[in-house]
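S.K.: If it helps, the file is called data35.tsv and holds TSV, C-alpha atoms:
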chain	number	residue	atom	x	y	z
A	1370	MET	CA	-30.72	-10.77	3.80
A	1371	SER	CA	-28.46	-12.13	6.51
A	1372	GLU	CA	-27.31	-9.64	9.15
A	1373	SER	CA	-23.85	-11.17	9.24
A	1374	LEU	CA	-21.64	-13.35	7.06
A	1375	SER	CA	-23.18	-16.58	5.81
A	1376	ASN	CA	-21.55	-19.79	6.98
A	1377	LEU	CA	-19.98	-20.18	3.52
A	1378	ASP	CA	-18.54	-16.65	3.46
A	1379	LYS	CA	-17.31	-17.03	7.03
A	1380	GLU	CA	-15.60	-20.36	6.26
A	1381	LYS	CA	-13.96	-18.95	3.14
A	1382	THR	CA	-12.74	-15.88	5.01
A	1383	ILE	CA	-11.20	-17.96	7.78
A	1384	LEU	CA	-9.60	-20.35	5.28
A	1385	ARG	CA	-8.17	-17.52	3.16
A	1386	TYR	CA	-6.41	-15.82	6.05
A	1387	THR	CA	-5.39	-19.05	7.77
A	1388	GLN	CA	-3.59	-20.11	4.58
A	1389	ARG	CA	-1.94	-16.72	4.21
A	1390	PHE	CA	-0.77	-16.77	7.80
A	1391	ALA	CA	0.67	-20.27	7.32
A	1392	GLU	CA	2.63	-18.92	4.34
A	1393	HIS	CA	3.72	-15.49	5.57
A	1394	GLY	CA	3.51	-15.58	9.38
A	1395	PHE	CA	3.41	-12.33	11.33
A	1396	ASP	CA	3.45	-10.00	8.33
A	1397	PRO	CA	0.99	-7.57	6.66
A	1398	LYS	CA	0.97	-9.96	3.67
A	1399	SER	CA	-0.96	-12.42	5.83
A	1400	LEU	CA	-3.71	-9.81	6.02
A	1401	GLY	CA	-3.88	-9.44	2.25
A	1402	TRP	CA	-2.01	-6.15	1.93
A	1403	GLY	CA	0.87	-7.55	-0.12
A	1404	ILE	CA	4.23	-5.91	-0.73
A	1405	LYS	CA	2.65	-2.55	-1.58
A	1406	GLY	CA	-0.10	-2.88	1.02
A	1407	ARG	CA	0.70	0.35	2.83
A	1408	GLN	CA	-1.03	-0.83	6.00
A	1409	LYS	CA	0.48	2.00	8.04
A	1410	GLU	CA	-0.55	4.64	5.50
A	1411	ARG	CA	-4.14	3.41	5.66
A	1412	PHE	CA	-4.10	3.55	9.45
A	1413	LYS	CA	-2.87	7.13	9.34
A	1414	ILE	CA	-5.56	8.19	6.88
A	1415	LEU	CA	-8.35	6.67	8.98
A	1416	ILE	CA	-7.02	8.22	12.17
A	1417	ASP	CA	-6.60	11.64	10.56
A	1418	ILE	CA	-10.10	11.87	9.10
A	1419	ILE	CA	-11.83	10.83	12.32
A	1420	ASN	CA	-10.30	13.90	14.03
A	1421	ILE	CA	-8.89	12.20	17.09
A	1422	ASP	CA	-6.67	15.21	17.71
A	1423	CYS	CA	-9.59	16.67	19.66
A	1424	LEU	CA	-9.72	13.55	21.89
A	1425	ASN	CA	-7.41	11.96	24.43
A	1426	ASN	CA	-7.16	8.81	26.54
A	1427	LEU	CA	-9.06	6.92	23.86
A	1428	LYS	CA	-11.06	3.75	23.94
A	1429	VAL	CA	-10.69	2.26	20.45
A	1430	ALA	CA	-12.49	-0.55	18.62
A	1431	ASP	CA	-10.72	-2.23	15.69
A	1432	ILE	CA	-13.16	-4.28	13.59
A	1433	GLY	CA	-11.48	-6.92	11.46
A	1434	ALA	CA	-8.40	-6.35	13.57
A	1435	GLY	CA	-6.08	-9.02	12.18
A	1436	PHE	CA	-3.12	-9.17	14.56
A	1437	GLY	CA	-4.11	-5.93	16.27
A	1438	ASP	CA	-1.47	-3.90	14.41
A	1439	LEU	CA	-3.55	-0.73	14.75
A	1440	TYR	CA	-2.77	-0.80	18.47
A	1441	ASN	CA	0.96	-0.89	17.80
A	1442	PHE	CA	0.68	1.88	15.19
A	1443	MET	CA	-1.17	4.18	17.58
A	1444	ILE	CA	1.26	3.56	20.43
A	1445	LYS	CA	4.28	4.24	18.19
A	1446	ASN	CA	2.66	7.49	17.04
A	1447	ASP	CA	2.09	8.72	20.61
A	1448	ILE	CA	-1.68	8.43	20.46
A	1449	GLN	CA	-2.97	7.97	23.98
A	1450	ILE	CA	-4.98	4.77	24.26
A	1451	LYS	CA	-6.88	3.99	27.42
A	1452	GLU	CA	-8.06	0.65	26.05
A	1453	TYR	CA	-7.99	-1.17	22.71
A	1454	PHE	CA	-10.65	-3.70	21.69
A	1455	GLY	CA	-9.91	-5.73	18.56
A	1456	TYR	CA	-12.52	-8.01	16.97
A	1457	GLU	CA	-11.24	-10.66	14.57
A	1458	LEU	CA	-12.89	-13.68	12.94
A	1459	VAL	CA	-9.75	-15.73	12.19
A	1460	PRO	CA	-8.41	-17.75	15.18
A	1461	SER	CA	-4.77	-17.97	14.02
A	1462	LEU	CA	-4.53	-14.19	13.62
A	1463	VAL	CA	-5.92	-13.62	17.10
A	1464	GLU	CA	-3.53	-16.16	18.61
A	1465	GLU	CA	-0.53	-14.47	16.96
A	1466	GLY	CA	-1.78	-11.00	17.93
A	1467	GLN	CA	-1.96	-12.08	21.55
A	1468	LYS	CA	1.65	-13.27	21.32
A	1469	GLN	CA	2.79	-9.97	19.84
A	1470	TYR	CA	0.85	-7.45	21.94
A	1471	GLY	CA	-0.95	-9.37	24.69
A	1472	GLU	CA	1.51	-8.38	27.41
A	1473	ASN	CA	0.03	-4.86	27.29
A	1474	LYS	CA	-2.76	-4.56	29.85
A	1475	ASN	CA	-4.86	-2.24	27.68
A	1476	PHE	CA	-4.74	-4.57	24.66
A	1477	ASN	CA	-7.80	-6.79	24.11
A	1478	LEU	CA	-8.19	-9.00	21.02
A	1479	PHE	CA	-11.27	-11.20	20.66
A	1480	ASN	CA	-11.93	-14.09	18.26
A	1481	VAL	CA	-15.58	-13.27	17.45
A	1482	ASP	CA	-17.97	-12.33	14.67
A	1483	TYR	CA	-18.49	-8.65	15.46
A	1484	LEU	CA	-22.11	-8.57	14.31
A	1485	TYR	CA	-23.09	-11.59	16.40
A	1486	GLU	CA	-21.15	-10.52	19.49
A	1487	GLU	CA	-23.49	-9.10	22.14
A	1488	GLU	CA	-20.89	-7.79	24.59
A	1489	ILE	CA	-19.44	-4.91	22.60
A	1490	GLU	CA	-17.62	-2.24	24.57
A	1491	LEU	CA	-18.68	1.38	24.23
A	1492	VAL	CA	-15.68	3.18	22.74
A	1493	ASP	CA	-14.72	6.64	21.53
A	1494	ILE	CA	-13.87	5.62	17.96
A	1495	SER	CA	-14.16	2.52	15.79
A	1496	ILE	CA	-11.75	1.80	12.93
A	1497	ILE	CA	-12.46	-0.62	10.07
A	1498	SER	CA	-9.53	-1.17	7.72
A	1499	GLY	CA	-9.69	-3.74	4.92
A	1500	SER	CA	-12.77	-5.57	6.19
A	1501	PHE	CA	-14.95	-4.56	3.24
A	1502	ASN	CA	-12.53	-5.52	0.45
A	1503	PHE	CA	-13.72	-9.04	-0.41
A	1504	LYS	CA	-16.77	-9.89	-2.47
A	1505	LEU	CA	-19.24	-12.08	-0.60
A	1506	GLU	CA	-20.47	-15.20	-2.36
A	1507	GLU	CA	-23.81	-15.58	-0.60
A	1508	GLY	CA	-24.39	-12.29	1.17
A	1509	ASP	CA	-24.93	-8.76	-0.10
A	1510	ASN	CA	-21.87	-6.59	0.48
A	1511	TYR	CA	-23.80	-3.34	0.93
A	1512	THR	CA	-26.11	-4.90	3.50
A	1513	TYR	CA	-23.09	-6.25	5.36
A	1514	ILE	CA	-21.36	-2.84	5.22
A	1515	ARG	CA	-24.49	-1.07	6.46
A	1516	ASN	CA	-24.91	-3.48	9.37
A	1517	ILE	CA	-21.28	-3.25	10.46
A	1518	LEU	CA	-21.22	0.55	10.23
A	1519	LYS	CA	-24.53	0.84	12.09
A	1520	LYS	CA	-23.39	-1.36	14.99
A	1521	ALA	CA	-20.01	0.38	15.20
A	1522	PHE	CA	-21.71	3.79	15.06
A	1523	ILE	CA	-24.08	2.89	17.89
A	1524	ASN	CA	-21.15	1.72	20.02
A	1525	SER	CA	-18.88	4.73	19.32
A	1526	LYS	CA	-19.22	8.01	21.19
A	1527	HIS	CA	-17.20	10.09	18.71
A	1528	GLY	CA	-17.35	8.30	15.36
A	1529	VAL	CA	-16.36	5.56	12.92
A	1530	ALA	CA	-13.79	5.44	10.11
A	1531	ALA	CA	-13.60	2.79	7.36
A	1532	ASN	CA	-11.94	2.26	3.98
A	1533	PHE	CA	-13.02	0.76	0.67
A	1534	ILE	CA	-11.76	-0.15	-2.79
A	1535	THR	CA	-13.59	2.00	-5.32
A	1536	ASN	CA	-15.46	0.74	-8.37
A	1537	ARG	CA	-13.71	3.48	-10.39
A	1538	THR	CA	-10.87	1.18	-11.39
A	1539	ASP	CA	-9.13	0.06	-14.57
A	1540	PHE	CA	-8.74	-3.52	-13.32
A	1541	ASN	CA	-10.98	-6.28	-12.02
A	1542	ASP	CA	-10.39	-9.14	-9.58
A	1543	LYS	CA	-13.29	-11.52	-8.98
A	1544	LEU	CA	-12.36	-11.81	-5.27
A	1545	ILE	CA	-12.48	-8.06	-4.64
A	1546	PHE	CA	-15.54	-6.00	-3.75
A	1547	TYR	CA	-15.45	-2.66	-5.55
A	1548	ALA	CA	-17.64	-0.23	-3.64
A	1549	ASN	CA	-19.73	2.42	-5.35
A	1550	PRO	CA	-18.99	5.68	-3.47
A	1551	GLU	CA	-22.53	6.98	-4.06
A	1552	LYS	CA	-24.01	3.90	-2.36
A	1553	ILE	CA	-21.63	4.31	0.56
A	1554	ILE	CA	-22.68	7.95	0.85
A	1555	ASN	CA	-26.34	6.85	1.04
A	1556	ILE	CA	-25.43	4.45	3.86
A	1557	CYS	CA	-23.66	7.30	5.66
A	1558	TYR	CA	-26.72	9.55	5.36
A	1559	GLY	CA	-28.75	6.82	7.03
A	1560	LEU	CA	-26.57	7.16	10.13
A	1561	SER	CA	-25.46	10.79	10.35
A	1562	LYS	CA	-25.72	14.09	8.52
A	1563	ARG	CA	-22.06	14.73	9.26
A	1564	PHE	CA	-19.44	12.63	7.50
A	1565	VAL	CA	-16.31	12.80	5.34
A	1566	LEU	CA	-15.48	10.87	2.18
A	1567	ASP	CA	-11.80	11.11	1.25
A	1568	HIS	CA	-10.74	9.92	-2.20
A	1569	SER	CA	-7.53	11.96	-2.28
A	1570	TYR	CA	-4.76	9.58	-1.25
A	1571	PHE	CA	-4.79	6.40	-3.41
A	1572	PRO	CA	-6.32	6.35	-6.92
A	1573	PHE	CA	-8.43	3.24	-6.34
A	1574	GLU	CA	-9.43	3.57	-2.70
A	1575	PHE	CA	-11.46	5.89	-0.49
A	1576	SER	CA	-12.21	6.26	3.21
A	1577	ILE	CA	-15.17	7.57	5.16
A	1578	ALA	CA	-15.53	9.01	8.64
A	1579	LEU	CA	-18.92	9.19	10.35
A	1580	PHE	CA	-19.34	11.59	13.26
A	1581	LYS	CA	-21.78	10.93	16.10
A	1582	ASP	CA	-22.45	14.57	16.85
A	1583	ASP	CA	-24.26	16.04	13.84
A	1584	SER	CA	-26.02	18.78	15.79
A	1585	TYR	CA	-25.95	22.35	14.55
A	1586	ASN	CA	-27.31	25.81	15.21
A	1587	LYS	CA	-30.39	26.34	13.04
A	1588	ILE	CA	-29.88	30.10	12.96
A	1589	MET	CA	-26.41	29.67	11.46
A	1590	PRO	CA	-26.29	26.07	10.16
A	1591	VAL	CA	-22.76	24.94	10.95
A	1592	PHE	CA	-22.08	21.65	12.70
A	1593	ASN	CA	-21.14	22.10	16.35
A	1594	ASP	CA	-17.42	21.48	16.27
A	1595	LYS	CA	-14.90	22.60	18.90
A	1596	ARG	CA	-12.25	22.93	16.19
A	1597	LEU	CA	-14.21	25.72	14.53
A	1598	LYS	CA	-14.10	29.22	15.98
A	1599	ILE	CA	-16.80	31.28	14.30
Using structure tokens, write down the structure from this file.
M.R.:
Amino acid sequence: MSESLSNLDKEKTILRYTQRFAEHGFDPKSLGWGIKGRQKERFKILIDIINIDCLNNLKVADIGAGFGDLYNFMIKNDIQIKEYFGYELVPSLVEEGQKQYGENKNFNLFNVDYLYEEEIELVDISIISGSFNFKLEEGDNYTYIRNILKKAFINSKHGVAANFITNRTDFNDKLIFYANPEKIINICYGLSKRFVLDHSYFPFEFSIALFKDDSYNKIMPVFNDKRLKI
């Protein structure tokens, strides 16, 4: 199966968001969140579960960055960012993001396919919000998710956080990819023994955080974590 999006899926993705941007402009609705999108709430959840409170002066990757709104959210919430690297497939979103935030020297937003891009910066954390929500027509969603998470995990010193729409729903939209949490857990186990799955905030969504350091003391098997005082 293809490592990245097929040409058809890539074209449809670009067209979908280009049309939304033409209709809504600089607005979360252009990114598919809608009136009740709760973009900021999702950012907060992803940031909380990746435990950035034990880090400072962060280098951050934002995969499927849209306008780069995660940068603005982190700045407004007094999260110290050394450098932000956003990776976005849709040219019009990148162009608008540069207009909105490009005057900041530590803001970088690139119009690239993350999986095909060779020059990926090593960062502390990678955040993926909303990028796994659409059903691929030619590719396999789980393969795509695994490949994105693996590349982000390799290029993150601390960890990766991502969100999904669950398949435990009472509705169905043919455009949406509904992820099976058990399959996502299996993908996580392929990368790290230490991860979080949080299904406690919205009834039809869940988030995961993968931690790079999954070392532990074999005599007393607890993950090595500076937050824990045992």
S.K.: Please provide the set of residues having any atom within 9 Å of Ala1578 (chain A), restricted to only C-alpha atoms, with same-chain residues fewer than 3 positions apart removed, written as a CSV table (one decimal) with C-alpha atoms, in the coordinates of the input.
M.R.:
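part_31.csv was written with the following content:
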chain,number,residue,atom,x,y,z
A,1415,LEU,CA,-8.4,6.7,9.0
A,1418,ILE,CA,-10.1,11.9,9.1
A,1419,ILE,CA,-11.8,10.8,12.3
A,1420,ASN,CA,-10.3,13.9,14.0
A,1528,GLY,CA,-17.4,8.3,15.4
A,1529,VAL,CA,-16.4,5.6,12.9
A,1530,ALA,CA,-13.8,5.4,10.1
A,1531,ALA,CA,-13.6,2.8,7.4
A,1532,ASN,CA,-11.9,2.3,4.0
A,1557,CYS,CA,-23.7,7.3,5.7
A,1563,ARG,CA,-22.1,14.7,9.3
A,1564,PHE,CA,-19.4,12.6,7.5
A,1565,VAL,CA,-16.3,12.8,5.3
A,1566,LEU,CA,-15.5,10.9,2.2
A,1567,ASP,CA,-11.8,11.1,1.2
S.K.: Write out as an MDAnalysis selection string which residues come within 12 Å of region 1444-1446 of chain A when counting all atoms listed in the file, dropping same-chain ones fewer than 6 positions away.
M.R.: chainID A and resid 1409 1412:1413 1416 1426:1427 1437:1438 1452:1453 1470 1473 1475:1476
S.K.: Can you write out the residues you just picked, keeping C-alpha atoms, as a CSV table (one decimal), in the frame of the given file?
M.R.:
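Output contents, as saved in selection-v7.csv:
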chain,number,residue,atom,x,y,z
A,1409,LYS,CA,0.5,2.0,8.0
A,1412,PHE,CA,-4.1,3.6,9.4
A,1413,LYS,CA,-2.9,7.1,9.3
A,1416,ILE,CA,-7.0,8.2,12.2
A,1426,ASN,CA,-7.2,8.8,26.5
A,1427,LEU,CA,-9.1,6.9,23.9
A,1437,GLY,CA,-4.1,-5.9,16.3
A,1438,ASP,CA,-1.5,-3.9,14.4
A,1452,GLU,CA,-8.1,0.6,26.0
A,1453,TYR,CA,-8.0,-1.2,22.7
A,1470,TYR,CA,0.8,-7.4,21.9
A,1473,ASN,CA,0.0,-4.9,27.3
A,1475,ASN,CA,-4.9,-2.2,27.7
A,1476,PHE,CA,-4.7,-4.6,24.7
S.K.: Tell me which protein, DNA and RNA residues are within 9 Å of Ile1534 (chain A), counting only C-alpha atoms, leaving out same-chain ones fewer than 5 positions away, and put them as a list in words.
M.R.: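 Near neighbours after the sequence-gap exclusion: Gly1499, Phe1501, Asn1502, Ile1545, Phe1546, Tyr1547, Ala1548, Asn1549, Phe1573, Glu1574, Phe1575 and Ser1576 of chain A.
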S.K.: Have a look at A:Ser1495, A:Ser1461, A:Ser1584, A:Thr1382 and name the one nearest to Val1429 (chain A); count all atoms listed in the file.
M.R.: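 Nearest to Val1429 (chain A): A:Ser1495.
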S.K.: Rounded to one decimal, what separation in Å do you get between CA of Arg1389 (chain A) and CA of Ile1494 (chain A)?
M.R.: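 So the answer is 28.8 Å.
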S.K.: Which is closer to Gln1388 (chain A) than all the others in A:Leu1400, A:Ile1421, A:Ile1553, A:Ile1514, using all atoms listed in the file?
M.R.: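 Checking each of A:Leu1400, A:Ile1421, A:Ile1553, A:Ile1514 against Gln1388 (chain A), counting all atoms listed in the file, the winner is A:Leu1400.
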S.K.: To one decimal in Å, tell me the separation between CA of Lys1587 (chain A) and CA of Lys1562 (chain A).
M.R.: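 According to the coordinates, CA of Lys1587 (chain A) and CA of Lys1562 (chain A) are separated by 13.9 Å.
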S.K.: Measuring atom to atom with all atoms listed in the file, identify which of A:Glu1392, A:Glu1465, A:Asp1493, A:Asp1482 is nearest to Lys1581 (chain A).
M.R.: A:Asp1493
S.K.: What does the distance from CA of Lys1526 (chain A) to CA of Leu1491 (chain A) come to in Å, to one decimal?
M.R.: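 Between these atoms lies a distance of 7.3 Å.
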S.K.: Counting all atoms listed in the file, which of A:Leu1462, A:His1527, A:Ser1373, A:Leu1384 gets nearest to Leu1424 (chain A)?
M.R.: A:His1527
S.K.: For Asp1539 (chain A), which residue out of A:Pro1572, A:Glu1464, A:Asn1586, A:Asn1516 is the nearest one, using only C-alpha atoms?
M.R.: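 Answer, going by the shortest atom-to-atom distance: A:Pro1572.
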S.K.: Around region 1575-1590 of chain A, fit a box with edges along x, y and z, padding it by 8 Å on each side, then list its centre and edge lengths in Å to one decimal as lines of an AutoDock Vina configuration file.
M.R.:
center_x = -20.9
center_y = 18.0
center_z = 8.2
size_x = 34.9
size_y = 40.2
size_z = 33.3
S.K.: Which residue gives the smallest distance to Leu1458 (chain A) among A:Phe1580, A:Tyr1440, A:Tyr1485, A:Tyr1570, with all atoms listed in the file counted?
M.R.: A:Tyr1485
S.K.: For Gly1455 (chain A), please output as a PyMOL selection string all residues within 9 Å (counting all atoms listed in the file; exclusion window: fewer than 5 positions along the same chain).
M.R.: chain A and resi 1429-1437+1439-1440+1463+1476-1480
S.K.: Keeping just N, CA and C atoms, export region 1406-1439 of chain A of this structure as an mmCIF file, in the first residue's frame.
M.R.:
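Saved as out11.cif:
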data_model
loop_
_atom_site.group_PDB
_atom_site.id
_atom_site.type_symbol
_atom_site.label_atom_id
_atom_site.label_comp_id
_atom_site.auth_asym_id
_atom_site.auth_seq_id
_atom_site.Cartn_x
_atom_site.Cartn_y
_atom_site.Cartn_z
ATOM 1 N N GLY A 1406 -17.031 23.178 16.161
ATOM 2 C CA GLY A 1406 -15.774 22.471 15.941
ATOM 3 C C GLY A 1406 -14.863 22.340 17.130
ATOM 4 N N ARG A 1407 -14.932 23.320 18.039
ATOM 5 C CA ARG A 1407 -14.132 23.260 19.263
ATOM 6 C C ARG A 1407 -12.650 23.025 18.976
ATOM 7 N N GLN A 1408 -12.129 23.774 18.010
ATOM 8 C CA GLN A 1408 -10.715 23.640 17.656
ATOM 9 C C GLN A 1408 -9.806 23.871 18.866
ATOM 10 N N LYS A 1409 -10.108 24.913 19.646
ATOM 11 C CA LYS A 1409 -9.265 25.241 20.789
ATOM 12 C C LYS A 1409 -9.323 24.150 21.855
ATOM 13 N N GLU A 1410 -10.513 23.577 22.065
ATOM 14 C CA GLU A 1410 -10.634 22.505 23.048
ATOM 15 C C GLU A 1410 -9.789 21.302 22.646
ATOM 16 N N ARG A 1411 -9.771 20.996 21.360
ATOM 17 C CA ARG A 1411 -8.972 19.868 20.883
ATOM 18 C C ARG A 1411 -7.477 20.139 21.066
ATOM 19 N N PHE A 1412 -7.067 21.367 20.792
ATOM 20 C CA PHE A 1412 -5.666 21.717 21.025
ATOM 21 C C PHE A 1412 -5.301 21.505 22.489
ATOM 22 N N LYS A 1413 -6.149 21.964 23.376
ATOM 23 C CA LYS A 1413 -5.862 21.853 24.810
ATOM 24 C C LYS A 1413 -5.739 20.399 25.238
ATOM 25 N N ILE A 1414 -6.634 19.562 24.741
ATOM 26 C CA ILE A 1414 -6.596 18.139 25.095
ATOM 27 C C ILE A 1414 -5.290 17.507 24.640
ATOM 28 N N LEU A 1415 -4.892 17.770 23.400
ATOM 29 C CA LEU A 1415 -3.660 17.186 22.869
ATOM 30 C C LEU A 1415 -2.440 17.673 23.637
ATOM 31 N N ILE A 1416 -2.420 18.942 23.968
ATOM 32 C CA ILE A 1416 -1.293 19.500 24.718
ATOM 33 C C ILE A 1416 -1.238 18.928 26.131
ATOM 34 N N ASP A 1417 -2.398 18.782 26.758
ATOM 35 C CA ASP A 1417 -2.431 18.252 28.125
ATOM 36 C C ASP A 1417 -1.936 16.806 28.191
ATOM 37 N N ILE A 1418 -2.374 15.964 27.262
ATOM 38 C CA ILE A 1418 -2.031 14.542 27.396
ATOM 39 C C ILE A 1418 -0.594 14.229 26.991
ATOM 40 N N ILE A 1419 0.056 15.157 26.286
ATOM 41 C CA ILE A 1419 1.454 14.919 25.914
ATOM 42 C C ILE A 1419 2.424 15.395 27.001
ATOM 43 N N ASN A 1420 1.854 15.949 28.095
ATOM 44 C CA ASN A 1420 2.639 16.306 29.286
ATOM 45 C C ASN A 1420 3.738 17.327 29.004
ATOM 46 N N ILE A 1421 3.390 18.402 28.316
ATOM 47 C CA ILE A 1421 4.417 19.394 28.027
ATOM 48 C C ILE A 1421 4.749 20.257 29.241
ATOM 49 N N ASP A 1422 4.016 20.073 30.338
ATOM 50 C CA ASP A 1422 4.320 20.845 31.532
ATOM 51 C C ASP A 1422 5.696 20.496 32.091
ATOM 52 N N CYS A 1423 6.253 19.365 31.667
ATOM 53 C CA CYS A 1423 7.588 19.004 32.128
ATOM 54 C C CYS A 1423 8.660 19.442 31.126
ATOM 55 N N LEU A 1424 8.251 20.229 30.110
ATOM 56 C CA LEU A 1424 9.176 20.725 29.096
ATOM 57 C C LEU A 1424 9.130 22.244 29.053
ATOM 58 N N ASN A 1425 10.123 22.844 28.417
ATOM 59 C CA ASN A 1425 10.087 24.285 28.182
ATOM 60 C C ASN A 1425 10.894 24.613 26.932
ATOM 61 N N ASN A 1426 10.672 25.818 26.414
ATOM 62 C CA ASN A 1426 11.379 26.268 25.217
ATOM 63 C C ASN A 1426 11.242 25.238 24.091
ATOM 64 N N LEU A 1427 10.010 24.945 23.758
ATOM 65 C CA LEU A 1427 9.681 23.815 22.891
ATOM 66 C C LEU A 1427 9.943 24.066 21.411
ATOM 67 N N LYS A 1428 10.364 23.009 20.741
ATOM 68 C CA LYS A 1428 10.267 22.929 19.293
ATOM 69 C C LYS A 1428 9.067 22.037 18.989
ATOM 70 N N VAL A 1429 8.126 22.548 18.192
ATOM 71 C CA VAL A 1429 6.847 21.881 17.970
ATOM 72 C C VAL A 1429 6.628 21.639 16.483
ATOM 73 N N ALA A 1430 6.186 20.427 16.132
ATOM 74 C CA ALA A 1430 5.727 20.136 14.776
ATOM 75 C C ALA A 1430 4.214 20.017 14.792
ATOM 76 N N ASP A 1431 3.567 20.611 13.789
ATOM 77 C CA ASP A 1431 2.108 20.582 13.650
ATOM 78 C C ASP A 1431 1.820 19.980 12.279
ATOM 79 N N ILE A 1432 1.312 18.751 12.266
ATOM 80 C CA ILE A 1432 1.149 17.998 11.018
ATOM 81 C C ILE A 1432 -0.303 18.084 10.573
ATOM 82 N N GLY A 1433 -0.521 18.622 9.370
ATOM 83 C CA GLY A 1433 -1.858 18.982 8.934
ATOM 84 C C GLY A 1433 -2.231 20.285 9.620
ATOM 85 N N ALA A 1434 -1.361 21.279 9.476
ATOM 86 C CA ALA A 1434 -1.392 22.474 10.319
ATOM 87 C C ALA A 1434 -2.488 23.464 9.978
ATOM 88 N N GLY A 1435 -3.074 23.363 8.780
ATOM 89 C CA GLY A 1435 -4.057 24.368 8.390
ATOM 90 C C GLY A 1435 -3.411 25.735 8.289
ATOM 91 N N PHE A 1436 -3.949 26.700 9.028
ATOM 92 C CA PHE A 1436 -3.394 28.051 9.045
ATOM 93 C C PHE A 1436 -2.209 28.192 10.001
ATOM 94 N N GLY A 1437 -1.999 27.177 10.831
ATOM 95 C CA GLY A 1437 -1.000 27.297 11.886
ATOM 96 C C GLY A 1437 -1.592 27.810 13.181
ATOM 97 N N ASP A 1438 -2.893 27.591 13.381
ATOM 98 C CA ASP A 1438 -3.583 28.119 14.562
ATOM 99 C C ASP A 1438 -3.061 27.544 15.877
ATOM 100 N N LEU A 1439 -2.456 26.359 15.828
ATOM 101 C CA LEU A 1439 -1.888 25.789 17.050
ATOM 102 C C LEU A 1439 -0.816 26.712 17.622
#
